[in-house]
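Dropping input-v4.txt in here (compact mmCIF, C-alpha atoms):
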# COMPACT_ATOMS: atom_id res chain seq x y z
CA MET G 1 -6.86 -6.87 -13.03
CA GLY G 2 -6.15 -10.43 -14.17
CA GLY G 3 -8.96 -11.77 -16.35
CA LEU G 4 -10.86 -8.52 -16.85
CA GLU G 5 -12.16 -7.57 -20.29
CA ALA G 6 -9.72 -5.34 -22.13
CA GLY G 7 -8.74 -4.40 -25.65
CA HIS G 8 -5.74 -5.33 -27.78
CA VAL G 9 -2.26 -4.90 -26.34
CA LYS G 10 -0.67 -1.89 -28.02
CA PRO G 11 3.11 -2.33 -28.10
CA THR G 12 3.76 1.06 -26.53
CA GLU G 13 6.92 2.24 -24.84
CA HIS G 14 8.71 5.50 -24.10
CA ASP G 15 12.08 6.62 -22.82
CA TYR G 16 11.72 7.27 -19.15
CA GLU G 17 11.92 10.94 -18.19
CA PHE G 18 14.33 12.21 -15.61
CA TRP G 19 11.66 12.89 -12.99
CA GLU G 20 10.23 9.40 -13.51
CA LYS G 21 13.62 7.85 -12.85
CA ASN G 22 13.95 9.94 -9.71
CA VAL G 23 10.63 8.63 -8.43
CA ASP G 24 11.73 5.08 -9.14
CA ALA G 25 15.11 5.63 -7.49
CA MET G 26 13.50 7.06 -4.37
CA LEU G 27 11.25 4.03 -4.01
CA VAL G 28 14.19 1.65 -4.44
CA LEU G 29 16.14 3.50 -1.74
CA LEU G 30 13.27 3.99 0.71
CA THR G 31 12.26 0.32 0.57
CA SER G 32 15.78 -1.08 0.82
CA LYS G 33 17.10 1.01 3.73
CA SER G 34 17.45 -0.80 7.01
CA PRO G 35 15.15 -0.18 8.77
CA LYS G 36 12.78 0.38 5.86
CA LEU G 37 11.15 3.78 5.49
CA MET G 38 8.28 2.30 3.51
CA SER G 39 7.37 -0.99 1.82
CA VAL G 40 6.61 -1.82 -1.79
CA ASP G 41 3.28 -3.12 -0.51
CA GLN G 42 2.46 0.31 0.88
CA LEU G 43 3.19 1.71 -2.56
CA ARG G 44 0.79 -0.78 -4.11
CA LYS G 45 -1.89 -0.30 -1.50
CA GLY G 46 -1.80 3.46 -2.05
CA ILE G 47 -2.17 2.97 -5.80
CA GLU G 48 -5.02 0.50 -5.34
CA SER G 49 -6.81 3.03 -3.15
CA LEU G 50 -7.09 5.53 -6.01
CA PRO G 51 -10.63 5.87 -7.33
CA PRO G 52 -10.92 4.38 -10.86
CA ASP G 53 -11.20 7.72 -12.65
CA ALA G 54 -8.14 9.13 -10.89
CA TYR G 55 -6.21 5.95 -11.62
CA GLU G 56 -7.01 6.22 -15.32
CA LYS G 57 -6.13 9.91 -15.54
CA MET G 58 -2.77 9.60 -13.82
CA SER G 59 0.39 8.31 -15.47
CA TYR G 60 2.33 5.41 -13.99
CA TYR G 61 4.88 7.46 -12.08
CA GLU G 62 2.27 10.05 -11.07
CA ARG G 63 0.54 7.22 -9.21
CA TRP G 64 3.85 6.24 -7.69
CA ILE G 65 4.81 9.66 -6.36
CA PHE G 66 1.27 10.13 -5.03
CA SER G 67 1.51 6.85 -3.15
CA ILE G 68 5.11 7.32 -1.97
CA THR G 69 4.16 10.70 -0.51
CA GLN G 70 1.21 9.20 1.34
CA ALA G 71 3.30 6.37 2.77
CA LEU G 72 6.01 8.77 3.95
CA GLN G 73 3.37 10.88 5.69
CA TYR G 74 1.78 7.82 7.23
CA ASN G 75 5.12 6.45 8.43
CA GLY G 76 6.08 9.79 9.93
CA VAL G 77 9.03 10.39 7.61
CA LEU G 78 7.51 13.61 6.27
CA THR G 79 4.87 15.82 7.81
CA THR G 80 1.99 17.37 5.94
CA GLU G 81 3.09 20.83 6.97
CA GLU G 82 6.62 20.37 5.60
CA LEU G 83 5.21 19.08 2.38
CA SER G 84 2.79 21.90 1.87
CA ARG G 85 5.45 24.56 2.51
CA LYS G 86 7.93 22.84 0.22
CA LEU G 87 5.41 22.33 -2.53
CA GLU G 88 4.50 26.03 -2.48
CA GLU G 89 8.15 27.00 -2.58
CA VAL G 90 8.94 24.67 -5.49
CA GLN G 91 5.93 25.78 -7.48
CA SER G 92 6.75 29.44 -7.09
CA ARG G 93 10.43 28.77 -7.86
CA TYR G 94 9.58 27.41 -11.30
CA GLU G 95 6.84 29.91 -11.99
CA THR G 96 9.30 32.76 -11.45
CA GLU G 97 11.92 31.10 -13.61
CA GLU G 98 9.57 30.86 -16.53
CA VAL G 99 8.84 34.60 -16.64
CA MET R 1 18.89 4.15 -24.55
CA LYS R 2 20.89 6.18 -22.07
CA THR R 3 19.87 9.75 -21.53
CA SER R 4 22.43 12.42 -20.84
CA SER R 5 20.23 13.80 -18.08
CA THR R 6 21.68 11.41 -15.53
CA ASN R 7 25.09 13.06 -15.46
CA GLU R 8 24.03 15.52 -12.83
CA SER R 9 21.28 15.16 -10.33
CA ASP R 10 19.58 18.40 -11.20
CA THR R 11 20.13 18.44 -14.91
CA ASN R 12 16.64 18.37 -16.23
CA ASN R 13 16.05 18.64 -19.93
CA THR R 14 12.54 19.94 -19.56
CA ALA R 15 11.29 22.27 -16.84
CA PRO R 16 8.72 20.65 -14.54
CA THR R 17 5.20 21.75 -15.31
CA THR R 18 2.80 19.32 -13.69
CA TYR R 19 1.65 19.01 -10.11
CA TYR R 20 3.21 15.56 -9.76
CA GLN R 21 6.54 16.76 -11.11
CA PHE R 22 6.50 19.47 -8.46
CA LEU R 23 5.58 16.86 -5.88
CA GLU R 24 8.54 14.70 -6.93
CA ILE R 25 10.92 17.64 -6.49
CA SER R 26 9.38 18.51 -3.13
CA VAL R 27 9.61 15.00 -1.71
CA ARG R 28 13.15 14.55 -3.02
CA GLU R 29 14.38 17.85 -1.61
CA LEU R 30 12.74 17.22 1.76
CA LEU R 31 14.25 13.75 2.03
CA ILE R 32 17.68 15.21 1.26
CA GLU R 33 17.29 18.17 3.62
CA LYS R 34 16.21 15.88 6.44
CA GLY R 35 19.14 13.53 5.83
CA VAL R 36 16.90 10.57 4.99
CA LEU R 37 18.53 10.11 1.58
CA SER R 38 21.47 11.90 0.02
CA ALA R 39 21.51 13.46 -3.43
CA GLU R 40 24.31 11.06 -4.24
CA ASP R 41 22.19 8.05 -3.20
CA ILE R 42 19.53 9.11 -5.67
CA ARG R 43 22.03 9.89 -8.41
CA ASN R 44 23.64 6.50 -7.98
CA ALA R 45 20.31 4.69 -7.98
CA VAL R 46 19.39 6.35 -11.28
CA LYS R 47 22.80 5.48 -12.71
CA GLU R 48 22.33 1.89 -11.59
CA MET R 49 18.93 1.84 -13.28
CA ASP R 50 20.40 3.16 -16.52
CA SER R 51 23.09 0.49 -16.49
CA ARG R 52 20.48 -2.30 -16.61
CA GLY R 53 19.04 -3.38 -19.92
CA PRO R 54 18.01 -6.43 -21.95
CA GLU R 55 21.60 -6.97 -23.13
CA LEU R 56 22.30 -8.41 -19.66
CA GLY R 57 19.50 -10.92 -19.97
CA ALA R 58 20.65 -11.73 -23.51
CA GLN R 59 24.12 -12.49 -22.19
CA VAL R 60 22.63 -14.97 -19.71
CA VAL R 61 20.51 -16.64 -22.40
CA ALA R 62 23.42 -16.97 -24.85
CA ARG R 63 25.58 -18.59 -22.18
CA ALA R 64 22.82 -21.04 -21.34
CA TRP R 65 22.59 -21.97 -25.03
CA VAL R 66 26.28 -22.79 -25.35
CA ASP R 67 26.98 -24.22 -21.90
CA PRO R 68 24.65 -27.03 -20.76
CA GLN R 69 26.12 -27.06 -17.27
CA PHE R 70 25.48 -23.34 -16.87
CA LYS R 71 21.96 -23.83 -18.16
CA GLN R 72 21.29 -26.50 -15.59
CA SER R 73 22.48 -24.35 -12.71
CA LEU R 74 20.59 -21.37 -14.13
CA LEU R 75 17.33 -23.29 -14.03
CA GLN R 76 18.06 -24.62 -10.55
CA ASP R 77 19.43 -21.52 -8.87
CA ALA R 78 19.39 -18.48 -11.15
CA PRO R 79 20.83 -15.92 -8.70
CA SER R 80 23.98 -18.01 -8.10
CA ALA R 81 24.36 -18.94 -11.77
CA VAL R 82 24.05 -15.33 -12.90
CA LYS R 83 26.68 -14.31 -10.36
CA THR R 84 29.23 -16.58 -12.07
CA LEU R 85 28.89 -14.33 -15.15
CA GLY R 86 29.91 -11.38 -13.01
CA LEU R 87 26.36 -10.00 -12.90
CA ASP R 88 25.10 -8.72 -9.59
CA ILE R 89 21.33 -8.87 -9.35
CA GLY R 90 21.13 -8.00 -5.66
CA PRO R 91 18.72 -9.83 -3.35
CA VAL R 92 16.23 -10.60 -6.17
CA GLN R 93 14.64 -14.06 -6.13
CA LEU R 94 15.02 -14.79 -9.82
CA LEU R 95 13.49 -17.83 -11.45
CA VAL R 96 14.41 -18.74 -15.03
CA VAL R 97 11.80 -20.76 -16.93
CA GLU R 98 12.81 -22.65 -20.04
CA ASN R 99 10.93 -22.75 -23.33
CA THR R 100 11.06 -26.20 -24.92
CA PRO R 101 9.31 -27.85 -27.87
CA GLU R 102 6.62 -28.85 -25.33
CA VAL R 103 6.20 -25.71 -23.21
CA HIS R 104 6.08 -21.99 -23.98
CA ASN R 105 6.35 -19.64 -20.99
CA LEU R 106 4.87 -16.17 -20.68
CA ILE R 107 5.45 -13.68 -17.85
CA VAL R 108 2.95 -11.14 -16.51
CA CYS R 109 2.27 -9.29 -13.28
CA THR R 110 -1.49 -8.87 -13.00
CA LEU R 111 -1.35 -7.01 -9.67
CA CYS R 112 1.24 -4.37 -10.53
CA SER R 113 4.32 -4.46 -12.75
CA CYS R 114 6.87 -6.85 -11.23
CA TYR R 115 9.60 -7.42 -13.77
CA PRO R 116 13.17 -8.81 -13.82
CA ARG R 117 14.62 -5.30 -13.83
CA SER R 118 18.10 -6.40 -12.81
CA LEU R 119 18.46 -8.26 -16.13
CA LEU R 120 16.07 -6.39 -18.45
CA GLY R 121 16.01 -2.82 -17.14
CA LEU R 122 12.74 -0.94 -16.67
CA PRO R 123 9.65 -2.55 -18.23
CA PRO R 124 8.08 -1.29 -21.48
CA ASP R 125 4.77 0.56 -21.11
CA TRP R 126 2.71 -2.25 -22.63
CA TYR R 127 3.88 -4.65 -19.90
CA LYS R 128 2.31 -2.29 -17.34
CA SER R 129 -0.85 -1.70 -19.38
CA ARG R 130 -4.34 -2.72 -18.36
CA GLU R 131 -4.69 -4.68 -21.62
CA TYR R 132 -1.65 -6.89 -21.09
CA ARG R 133 -2.21 -7.42 -17.37
CA SER R 134 -5.88 -8.30 -17.80
CA ARG R 135 -5.61 -10.61 -20.77
CA ALA R 136 -2.27 -12.42 -20.49
CA VAL R 137 -3.64 -14.77 -17.82
CA ARG R 138 -6.97 -15.45 -19.45
CA GLU R 139 -6.26 -15.54 -23.17
CA PRO R 140 -2.50 -15.87 -23.48
CA ARG R 141 -2.70 -17.33 -26.96
CA SER R 142 -4.59 -14.30 -28.32
CA VAL R 143 -2.11 -11.95 -26.64
CA LEU R 144 0.78 -13.91 -28.14
CA LEU R 145 -0.82 -13.63 -31.58
CA GLU R 146 -0.99 -9.86 -31.16
CA PHE R 147 2.81 -9.97 -30.79
CA GLY R 148 3.00 -12.12 -33.93
CA THR R 149 3.70 -15.30 -32.00
CA ASP R 150 1.69 -18.32 -33.06
CA ILE R 151 2.19 -21.17 -30.59
CA SER R 152 1.06 -24.54 -31.93
CA ASP R 153 -1.94 -26.16 -30.23
CA GLU R 154 0.20 -29.13 -29.17
CA VAL R 155 2.49 -26.92 -27.13
CA GLU R 156 1.51 -26.09 -23.55
CA VAL R 157 1.35 -22.36 -22.89
CA ARG R 158 2.34 -21.72 -19.28
CA VAL R 159 1.69 -18.27 -17.86
CA HIS R 160 3.55 -17.09 -14.76
CA ASP R 161 1.79 -14.41 -12.74
CA SER R 162 4.50 -12.64 -10.77
CA THR R 163 2.31 -11.96 -7.73
CA ALA R 164 4.74 -11.91 -4.82
CA ASP R 165 8.47 -12.07 -4.27
CA LEU R 166 9.79 -13.96 -7.30
CA ARG R 167 10.87 -12.44 -10.59
CA TYR R 168 10.88 -14.40 -13.83
CA LEU R 169 13.00 -14.54 -16.95
CA VAL R 170 12.15 -16.75 -19.92
CA LEU R 171 14.96 -18.77 -21.45
CA PRO R 172 13.83 -18.83 -25.09
CA GLN R 173 14.57 -21.70 -27.46
CA ARG R 174 17.73 -21.38 -29.49
CA PRO R 175 16.71 -20.96 -33.12
CA ALA R 176 17.74 -23.57 -35.67
CA GLY R 177 20.70 -22.87 -37.93
CA THR R 178 22.73 -21.00 -35.31
CA GLY R 179 25.30 -23.70 -34.60
CA HIS R 180 28.10 -21.66 -36.18
CA LEU R 181 27.45 -18.46 -34.25
CA THR R 182 29.65 -17.27 -31.40
CA GLU R 183 28.22 -16.59 -27.96
CA ASP R 184 28.25 -12.83 -28.63
CA GLU R 185 26.51 -13.29 -31.96
CA LEU R 186 23.88 -15.41 -30.24
CA ALA R 187 23.38 -12.78 -27.54
CA ALA R 188 22.75 -10.19 -30.25
CA LEU R 189 19.77 -12.26 -31.48
CA VAL R 190 18.08 -12.29 -28.08
CA LYS R 191 15.63 -9.40 -27.72
CA ARG R 192 13.83 -8.24 -24.62
CA ASP R 193 10.38 -9.48 -25.64
CA SER R 194 11.60 -13.04 -26.05
CA MET R 195 12.75 -13.03 -22.42
CA ILE R 196 9.25 -11.94 -21.33
CA GLY R 197 7.88 -14.70 -23.53
CA VAL R 198 5.74 -12.67 -25.92
CA THR R 199 8.02 -13.49 -28.86
CA GLU R 200 10.45 -16.21 -29.90
CA VAL R 201 14.03 -15.70 -30.99
CA CYS R 202 14.38 -15.58 -34.77
CA PHE R 203 17.36 -16.21 -36.98
CA SER R 204 17.51 -15.99 -40.72
CA ALA R 205 20.76 -16.78 -42.49
CA ILE R 206 21.22 -14.26 -45.29
CA MET W 1 8.16 -21.94 9.86
CA THR W 2 8.02 -25.43 8.39
CA PRO W 3 6.01 -25.35 5.19
CA LEU W 4 2.69 -27.16 5.47
CA PHE W 5 2.69 -28.27 1.82
CA GLN W 6 5.20 -29.97 -0.45
CA THR W 7 5.64 -30.10 -4.22
CA GLY W 8 2.83 -32.14 -5.75
CA ASN W 9 0.26 -31.55 -3.00
CA ALA W 10 -3.23 -30.65 -4.17
CA VAL W 11 -4.43 -27.37 -2.68
CA ARG W 12 -7.37 -25.04 -2.91
CA VAL W 13 -7.15 -21.27 -2.65
CA ARG W 14 -9.37 -19.73 0.01
CA LYS W 15 -12.33 -17.77 -1.25
CA GLY W 16 -12.31 -14.74 1.04
CA SER W 17 -12.11 -11.12 -0.01
CA PRO W 18 -10.99 -9.27 3.12
CA PRO W 19 -10.40 -5.52 2.98
CA GLY W 20 -6.78 -4.42 2.69
CA HIS W 21 -3.95 -5.16 0.31
CA ILE W 22 -4.10 -8.74 -0.98
CA ARG W 23 -1.51 -10.36 -3.23
CA THR W 24 -3.69 -13.38 -4.03
CA PRO W 25 -5.33 -12.54 -7.37
CA PHE W 26 -9.14 -12.61 -7.41
CA TYR W 27 -9.23 -14.95 -10.35
CA VAL W 28 -7.68 -17.93 -8.52
CA ARG W 29 -9.65 -17.62 -5.28
CA GLY W 30 -11.63 -20.82 -4.76
CA CYS W 31 -9.62 -22.66 -7.46
CA LYS W 32 -7.83 -25.96 -7.09
CA GLY W 33 -4.19 -26.37 -8.06
CA VAL W 34 -1.02 -28.27 -7.30
CA ILE W 35 2.05 -27.04 -5.43
CA GLU W 36 4.74 -26.55 -8.09
CA ARG W 37 7.38 -25.71 -5.50
CA VAL W 38 7.96 -24.22 -2.09
CA ALA W 39 9.27 -20.78 -2.97
CA GLY W 40 10.82 -19.74 0.33
CA GLU W 41 9.64 -17.59 3.20
CA TYR W 42 8.79 -13.93 3.01
CA ARG W 43 7.17 -11.27 5.13
CA ASN W 44 3.43 -11.05 4.82
CA PRO W 45 2.53 -8.37 2.23
CA GLU W 46 -0.86 -7.88 3.88
CA GLU W 47 0.97 -6.57 6.99
CA LEU W 48 3.77 -4.80 5.11
CA ALA W 49 1.09 -2.81 3.31
CA PHE W 50 0.08 -1.24 6.62
CA GLY W 51 3.61 -0.30 7.60
CA ARG W 52 4.25 -3.30 9.85
CA PHE W 53 7.67 -4.35 8.65
CA ASP W 54 8.77 -6.87 11.29
CA THR W 55 6.02 -9.49 11.40
CA PRO W 56 7.25 -13.10 11.03
CA VAL W 57 7.97 -14.59 7.61
CA VAL W 58 5.48 -17.02 6.08
CA PRO W 59 5.96 -19.77 3.48
CA LEU W 60 5.28 -18.83 -0.14
CA TYR W 61 4.43 -21.38 -2.82
CA ARG W 62 4.17 -21.49 -6.57
CA VAL W 63 0.84 -23.12 -7.32
CA ARG W 64 0.07 -24.50 -10.79
CA PHE W 65 -3.49 -24.28 -12.06
CA GLN W 66 -4.97 -25.72 -15.23
CA GLN W 67 -6.34 -22.84 -17.28
CA GLN W 68 -9.66 -24.67 -17.63
CA GLU W 69 -10.00 -24.83 -13.84
CA VAL W 70 -9.56 -21.08 -13.59
CA TRP W 71 -11.52 -20.08 -16.72
CA PRO W 72 -14.11 -22.73 -17.59
CA ASP W 73 -14.54 -21.19 -21.06
CA TYR W 74 -10.78 -21.24 -21.76
CA GLN W 75 -9.84 -21.76 -25.41
CA GLY W 76 -6.63 -23.58 -26.20
CA ASN W 77 -4.65 -26.68 -25.31
CA PRO W 78 -6.30 -28.27 -22.22
CA GLN W 79 -2.75 -28.65 -20.83
CA ASP W 80 -2.27 -24.86 -20.76
CA SER W 81 -1.41 -23.78 -17.26
CA LEU W 82 -0.99 -20.83 -14.97
CA ASP W 83 1.60 -20.57 -12.17
CA VAL W 84 0.82 -18.13 -9.37
CA GLU W 85 2.73 -17.29 -6.17
CA ILE W 86 0.49 -17.74 -3.14
CA PHE W 87 1.19 -17.43 0.57
CA GLU W 88 0.44 -20.39 2.82
CA PHE W 89 -2.38 -18.77 4.78
CA TRP W 90 -4.37 -18.50 1.55
CA LEU W 91 -4.18 -22.26 0.88
CA GLU W 92 -5.96 -25.31 2.23
CA PRO W 93 -5.48 -28.98 1.37
CA ALA W 94 -7.67 -30.24 -1.48
CA ASN W 95 -8.69 -33.79 -2.12
CA PRO W 96 -7.09 -34.63 -5.46
CA GLU W 97 -9.87 -37.13 -6.35
CA LYS W 98 -12.68 -34.65 -5.84
CA THR W 99 -13.24 -31.58 -7.96

Structure rendered as structure tokens:
Amino acid sequence: MGGLEAGHVKPTEHDYEFWEKNVDAMLVLLTSKSPKLMSVDQLRKGIESLPPDAYEKMSYYERWIFSITQALQYNGVLTTEELSRKLEEVQSRYETEEV
Amino acid sequence: MKTSSTNESDTNNTAPTTYYQFLEISVRELLIEKGVLSAEDIRNAVKEMDSRGPELGAQVVARAWVDPQFKQSLLQDAPSAVKTLGLDIGPVQLLVVENTPEVHNLIVCTLCSCYPRSLLGLPPDWYKSREYRSRAVREPRSVLLEFGTDISDEVEVRVHDSTADLRYLVLPQRPAGTGHLTEDELAALVKRDSMIGVTEVCFSAI
Amino acid sequence: MTPLFQTGNAVRVRKGSPPGHIRTPFYVRGCKGVIERVAGEYRNPEELAFGRFDTPVVPLYRVRFQQQEVWPDYQGNPQDSLDVEIFEFWLEPANPEKT
């Protein structure tokens, strides 16, 4: 985005949440294993592939986990079926807990 | 700075509510179940992350201010120089750029958010923002002014776009009137933003 | 791979915009600069982005541009400069006398 028109820089920051740190930690580990399970460039390519409105709506680490998931599927580390089962299970686990 | 949530891998202060938080849990649990990563790996990586912060960079800067030989090796080969202080920055290709009366350096990553994490910790949100990434390369002097930093017209502003494999740390100028301070006292003056180059180091004798 | 360029050589960044994941920022494509240093050899991010992790390493350079070369309407000291990391295959020799 170098050189594009943009507004003033707002000096924003926040303490990273636990889930955000987990996402970061997973990327560090997946990219530094030998052999690598994914590359940082795959992470970036996945983020760049987001349509502009999705990119704007998502937070930083939401984009990361989206892209990490895609790369792991692409590289054959995780299958779509495993992911969909697990996601359902996790979602229902927390929904039940909240009741 | 440190959150207590890192003591245990599954200690989570707030229950996950969003789709992407569920996705994070799913991917993490699958990677652990399949033996790709261990829960301990992830715990340790988070711990490692929490142990990194701008005080490490400040320690490097203060040493460079008091030890000309260290400064020289820092500018020539930062990873080796930093190691002599007992700091392990891993395989990072670190380059330290020195502010002088003639040159002011500013660091940005226009393509993503590359940052000298091993010496400064995780980047602040503004460093990753569209505004900073778009404008720092094109109108660095206006961006600097927004941080309250007015660089004289005679000084060259040099922007470093961290586009590939190198990571950058700015060695700020030592402020005047600090000759009597100890190395630790000097380190306490050095804030994160001055090592990104958006501010200078200030000292006022009270 | 022996680097093609040395510190001080005048270079021009290629103008292309191929599809894929490119680490050469748009804003310097077509611009003339000077090699600030040879920055080592790294794997090609354009291949890493597609999950090819073992392609040969390529030389990386830090190239220094004058801000006014990159942004003709640049306001500020004419000495103000911009250092960007660029891989060798994005660079070609430039005649220092000609602009």

| said: Would you pick out the contacts of segment 6-19 of chain G at 7 Å or less, using only C-alpha atoms, so that residues sharing its chain but fewer than 6 positions from it are not included, and give the list as a ChimeraX atom specification? | reply: /R:5,12,21,124-126,131-132,134-135

Keeping only C-alpha atoms, write those residues as a tab-separated table (two decimals), in the frame of the given file.
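Full text of again_14.tsv as output:
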chain	number	residue	atom	x	y	z
R	5	SER	CA	20.23	13.80	-18.08
R	12	ASN	CA	16.64	18.37	-16.23
R	21	GLN	CA	6.54	16.76	-11.11
R	124	PRO	CA	8.08	-1.29	-21.48
R	125	ASP	CA	4.77	0.56	-21.11
R	126	TRP	CA	2.71	-2.25	-22.63
R	131	GLU	CA	-4.69	-4.68	-21.62
R	132	TYR	CA	-1.65	-6.89	-21.09
R	134	SER	CA	-5.88	-8.30	-17.80
R	135	ARG	CA	-5.61	-10.61	-20.77

| said: Calculated over only C-alpha atoms, which of the candidates W:Pro59, W:Pro25, W:Pro72, W:Pro93 has the smallest distance to chain R? | reply: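 Nearest to chain R: W:Pro25.
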
Can you tell me, as a PDB file with C-alpha atoms, in the frame of the given file, what residues are no more than 8 Å from segment 4-21 of chain W when counting only C-alpha atoms, ignoring any on the same chain fewer than 4 positions away?
ATOM      1  CA  ASP G  41       3.280  -3.120  -0.510  1.00  0.00           C
ATOM      2  CA  ARG G  44       0.790  -0.780  -4.110  1.00  0.00           C
ATOM      3  CA  LYS G  45      -1.890  -0.300  -1.500  1.00  0.00           C
TER       4      LYS G  45
ATOM      5  CA  VAL W  28      -7.680 -17.930  -8.520  1.00  0.00           C
ATOM      6  CA  ARG W  29      -9.650 -17.620  -5.280  1.00  0.00           C
ATOM      7  CA  GLY W  30     -11.630 -20.820  -4.760  1.00  0.00           C
ATOM      8  CA  CYS W  31      -9.620 -22.660  -7.460  1.00  0.00           C
ATOM      9  CA  LYS W  32      -7.830 -25.960  -7.090  1.00  0.00           C
ATOM     10  CA  GLY W  33      -4.190 -26.370  -8.060  1.00  0.00           C
ATOM     11  CA  VAL W  34      -1.020 -28.270  -7.300  1.00  0.00           C
ATOM     12  CA  ILE W  35       2.050 -27.040  -5.430  1.00  0.00           C
ATOM     13  CA  GLU W  36       4.740 -26.550  -8.090  1.00  0.00           C
ATOM     14  CA  ARG W  37       7.380 -25.710  -5.500  1.00  0.00           C
ATOM     15  CA  VAL W  38       7.960 -24.220  -2.090  1.00  0.00           C
ATOM     16  CA  PRO W  45       2.530  -8.370   2.230  1.00  0.00           C
ATOM     17  CA  GLU W  46      -0.860  -7.880   3.880  1.00  0.00           C
ATOM     18  CA  ALA W  49       1.090  -2.810   3.310  1.00  0.00           C
ATOM     19  CA  GLU W  88       0.440 -20.390   2.820  1.00  0.00           C
ATOM     20  CA  TRP W  90      -4.370 -18.500   1.550  1.00  0.00           C
ATOM     21  CA  LEU W  91      -4.180 -22.260   0.880  1.00  0.00           C
ATOM     22  CA  GLU W  92      -5.960 -25.310   2.230  1.00  0.00           C
ATOM     23  CA  PRO W  93      -5.480 -28.980   1.370  1.00  0.00           C
ATOM     24  CA  ALA W  94      -7.670 -30.240  -1.480  1.00  0.00           C
ATOM     25  CA  ASN W  95      -8.690 -33.790  -2.120  1.00  0.00           C
ATOM     26  CA  PRO W  96      -7.090 -34.630  -5.460  1.00  0.00           C
TER      27      PRO W  96
END

| Hey, can you check how far atom CA of Glu29 of chain R sits from atom CA of Asp54 of chain W? | 28.4 Å

| request: Dump as an NGL selection string the residues of chain G that approach chain W to within 8 Å, counting only C-alpha atoms. | output: :G and (2-3 or 36 or 38-45 or 75)

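Interface residues of chain R facing chain W, defined by any atom at most 7 Å away and using all atoms listed in the file, are Asp153, Glu154, Glu156, Val157, Arg158, Val159, His160, Asp161, Ser162, Thr163 and Ala164 of chain R.
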
| query | Of the candidates G:Thr31, G:Ser59, G:Thr96, G:Gln91, which shows the shortest atom-to-atom distance to chain R, using all atoms listed in the file? | reply | G:Gln91

| With only C-alpha atoms as the atoms that count, which of R:Glu183, R:Leu111, R:Tyr168, R:Ala39 lies nearest to Ile47 of chain G? | R:Leu111

Write out as CSV the residues of chain R that have any atom within 8 Å of an atom of chain G, one row each with the nearest atom pair and its distance in Å to one decimal, counting all atoms listed in the file, sorted by chain and then rising number.
residue,atom,partner,partner_atom,distance
R:Met1,CA,G:Asp15,CA,7.4
R:Ser5,CA,G:Phe18,CA,6.6
R:Thr6,CA,G:Phe18,CA,7.4
R:Asn12,CA,G:Phe18,CA,6.6
R:Asn13,CA,G:Phe18,CA,7.9
R:Ala15,CA,G:Tyr94,CA,7.7
R:Pro16,CA,G:Tyr94,CA,7.5
R:Tyr20,CA,G:Glu62,CA,5.7
R:Gln21,CA,G:Trp19,CA,6.7
R:Phe22,CA,G:Gln91,CA,6.4
R:Leu23,CA,G:Leu87,CA,6.4
R:Glu24,CA,G:Ile65,CA,6.3
R:Ile25,CA,G:Val90,CA,7.4
R:Ser26,CA,G:Leu87,CA,5.5
R:Val27,CA,G:Thr69,CA,7.0
R:Arg28,CA,G:Met26,CA,7.6
R:Leu30,CA,G:Lys86,CA,7.6
R:Leu31,CA,G:Leu78,CA,8.0
R:Leu37,CA,G:Leu29,CA,7.8
R:Asp41,CA,G:Leu29,CA,7.7
R:Ile42,CA,G:Ala25,CA,5.9
R:Ala45,CA,G:Ala25,CA,5.3
R:Val46,CA,G:Ala25,CA,5.8
R:Met49,CA,G:Ala25,CA,7.9
R:Thr110,CA,G:Gly2,CA,5.1
R:Leu111,CA,G:Met1,CA,6.5
R:Cys112,CA,G:Arg44,CA,7.4
R:Pro124,CA,G:Glu13,CA,5.0
R:Asp125,CA,G:Glu13,CA,4.6
R:Trp126,CA,G:Thr12,CA,5.2
R:Ser129,CA,G:Val9,CA,7.8
R:Arg130,CA,G:Ala6,CA,7.1
R:Glu131,CA,G:Ala6,CA,5.1
R:Tyr132,CA,G:Val9,CA,5.6
R:Arg133,CA,G:Gly2,CA,5.9
R:Ser134,CA,G:Gly2,CA,4.2
R:Arg135,CA,G:Gly3,CA,5.7
R:Ala136,CA,G:Gly2,CA,7.7
R:Val137,CA,G:Gly2,CA,6.2
R:Arg138,CA,G:Gly3,CA,5.2
R:Val143,CA,G:Val9,CA,7.1
R:Glu146,CA,G:Val9,CA,7.0

| request: Calculate how many Å separate atom CA of Thr199 of chain R from atom CA of Val97 of chain R, rounding to one decimal. | output: 14.5 Å

| task | Would you mind reading off the distance between atom CA of Gln173 of chain R and atom CA of Asn99 of chain R, one decimal, in Å? | result |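 Rounded to one decimal, the two atoms are 5.6 Å apart.
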
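Across R:Asp77, R:Arg192, R:Ser38, R:Val198, the tightest approach to Leu120 of chain R is made by R:Arg192 when counting only C-alpha atoms.
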
| message | Using only C-alpha atoms for the distances, tell me which of R:Gly86, R:Pro68, R:Pro79, R:Pro54 is nearest to Ala187 of chain R. | response | R:Pro54

| said: Given all atoms listed in the file as the basis, pick out the residue of R:Gly148, R:Pro91, R:Pro123, R:Gly57 nearest to Ala188 of chain R. | reply: R:Gly57
